[in-house]
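These notes concern the structure reproduced below.
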Amino acid sequence: MFLTEAEILDTPQALASTFQYFSSHEEAVKRFFADHPRRKFTILGCGSSYMLAKSAAALFASFPSTSASAIPAGDYIVDPGFWRETVQDSTIIALSRSGLTSEMVMAVTHIRETLGCPVASVTAREDNKLSAMSDLAIVLPWIHDNSVCQTRTVSNLYAACLLLASLYAGDTSLYESVLAAGAKGNAFHLKNGPVFSQVAAMGWDNAVVLADGPVCGIAEEGALAFTEIAMLTGRYFHLLDYRHGPIVISGKNTLTLILLRPGAEELQGAMVRDVIGHGGVVVTVSGEAENLYGANAHIQIEGIKDFAAWGIPFIYIIQMISLLKSVALGRNPDQPEGLDAFISL
């Protein structure tokens with residue numbers, strides 16, 4: 001078994017430990033938000049964690065009287081003056097697998113020294129630099145991926161962002177939805193494993209991921225999984241925005257995964273039909289049991305109330321298909337050429 005495969009399959013167990021951590025540290029998280037009652041957030045990340053930051057920013061900004069921005073740490077350190085007004089008077093949430101990536105450490109150091117913003121960090125490695133400079137350090141070592149490509153790490157960092165947001169806003173529905181998504185992991189795999197294999201065996205050589213709202217960032221990370229794990233071109237777009245130019249790249253060799261949120265069925269259904277009309281392999285994912293639009297395959301997400309939490313099974317679908325495609329092509333998903341687990345400048 002490849003290490004990447006083992007880490008993907010371990011995701012449900014890692015999520016269970018993450019939920020236990022938040023349960024036992026719930027008061028500390030609430031105290032952090034109470035001690036720093038700012039309604040403005042800056043969420044920092046690099047690479048995969050920046051993509052997750054986009055989801056977190058969309059979610060935090062959806063709460064009353066709250067604003068949030070996602071900034072790549074590397075962008076910040078190149079020109080901190082440009083970002084000064086965006087970051088000033090905000091609470092920082094820093095996301096990092098290692099807690100050692102140079103851009104992240106440099107960005108948080110500069111923000112603390114010049115703007116004095118409080119910092120909460122979520123990392124997957126003990127004794128890291130980022131945790132040491134945080135007012136709230138959430139360290140989840142059981143989610144750390146030893147393979148280069150992040151799989152269970154991003155799933156758990158995403159879940160941690162949702163749990164942080166739920167505790168900030170007092171949103172019990174979101175909190176319970178995240179727990180429900182994690183609890184369904186093993187059964188979800190058993191039910192849909194044959195579909196993952198079926199899709200991976202089809203004749204496609206590039207992938208497009210379409211999704212909206214708070215799932216935007218984790219969906220973009222899914223597109224990156226196709227690139228890093230299967231070593232095929234992966235791209236992400238917002239669903240209806242795909243019509244505005246990018247759909248021209250869709251053809252007979254394209255796999256398109258489409259996450260359909262509840263509501264606006266007419267608009268979303270028309271988009272699915274447009275994609276199907278371009279040829280290629282189309283997979284729909286929704287809360288419906290039936291394949292309503294004639295896609296090549298359909299996967300149901302059930303029993304998870306809050307749409308943001310759908311991102312947890314959605315990224316699992318993408319990671320498994322990416323892994324199986326990589327193996328089918330005779331590639332080694334553990335050793336993508338030219339990638340390192342974290343970047344040191």
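To be explicit about the labels: the chains of the structure tokens are called A, B, and onward in the order shown, and within each one the residues are counted from 1, while ligands get numbers from 1 in the order they are shown.
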Which residues of stretch 85-188 of chain A have any atom within 9 Å of an atom in stretch 222-237 of chain A when counting only C-alpha atoms, and what is the closest pair of atoms for each, with the distance in Å to one decimal? Order the rows by chain and rising number and write it as CSV.
residue,atom,partner,partner_atom,distance
A:Val148,CA,A:Glu228,CA,8.8
A:Cys149,CA,A:Glu228,CA,6.4
A:Gln150,CA,A:Ala225,CA,8.2
A:Thr151,CA,A:Ala225,CA,8.2
Go ahead and write the selection's residues with C-alpha atoms as a PDB file, in the first residue's frame.
ATOM      1  CA  VAL A 148       4.622  14.947   0.295  1.00  0.00           C
ATOM      2  CA  CYS A 149       1.029  15.461  -0.863  1.00  0.00           C
ATOM      3  CA  GLN A 150      -1.358  16.539   1.860  1.00  0.00           C
ATOM      4  CA  THR A 151      -4.450  14.364   2.233  1.00  0.00           C
TER       5      THR A 151
END
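These are the residues of stretch 162-319 of chain A assigned strand (DSSP E or B) by DSSP from backbone coordinates: A:Asn206, A:Ala207, A:Val208, A:Val209, A:Leu210, A:Thr233, A:Gly234, A:Arg235, A:Tyr236, A:Phe237, A:Thr254, A:Leu255, A:Thr256, A:Leu257, A:Ile258, A:Leu259, A:Val281, A:Val282, A:Val283, A:Thr284, A:Val285, A:Ser286, A:Ala297, A:His298, A:Ile299, A:Gln300.
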Which residues, written as an MDAnalysis selection string, have at least one atom at most 9 Å from stretch 88-101 of chain A, with only C-alpha atoms counted and residues fewer than 5 positions away on the same chain left out? chainID A and resid 33 36:46 48:50 52:53 68 83 106 108 111 115:131 134 143:145 150 153:154 157 161 341:345
How far is it from atom CA of A:Glu176 to atom CA of A:Ile312, in Å with one decimal?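 Between atom CA of A:Glu176 and atom CA of A:Ile312 the gap is 13.2 Å.
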Per DSSP on the backbone, filter stretch 146-341 of chain A down to the residues in alpha helix (DSSP H) and report them as JSON, numbers by chain. {"A": [152, 153, 154, 155, 156, 157, 158, 159, 160, 161, 162, 163, 164, 165, 166, 167, 168, 169, 172, 173, 174, 175, 176, 177, 178, 179, 180, 181, 182, 183, 185, 186, 187, 188, 189, 190, 191, 192, 193, 194, 195, 196, 197, 198, 199, 200, 216, 217, 218, 219, 220, 221, 222, 223, 224, 225, 226, 227, 228, 265, 266, 267, 268, 269, 270, 271, 272, 273, 274, 275, 276, 277, 311, 312, 313, 314, 315, 316, 317, 318, 319, 320, 321, 322, 323, 324, 325, 326, 327, 328]}
Find the residues around A:Ala295 up to 7 Å (only C-alpha atoms counted), leave out those fewer than 5 positions away in its own chain, and share them as a list of chain:residue names.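 That gives A:Val282, A:Val283, A:Thr284.
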Generate a file of the selected residues that holds C-alpha atoms, formatted as a compact mmCIF listing (two decimals), in the first residue's frame.
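Saved result, part.txt, follows:
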# COMPACT_ATOMS: atom_id res chain seq x y z
CA VAL A 282 -18.85 13.99 -15.63
CA VAL A 283 -19.40 13.08 -11.96
CA THR A 284 -22.04 14.86 -9.90
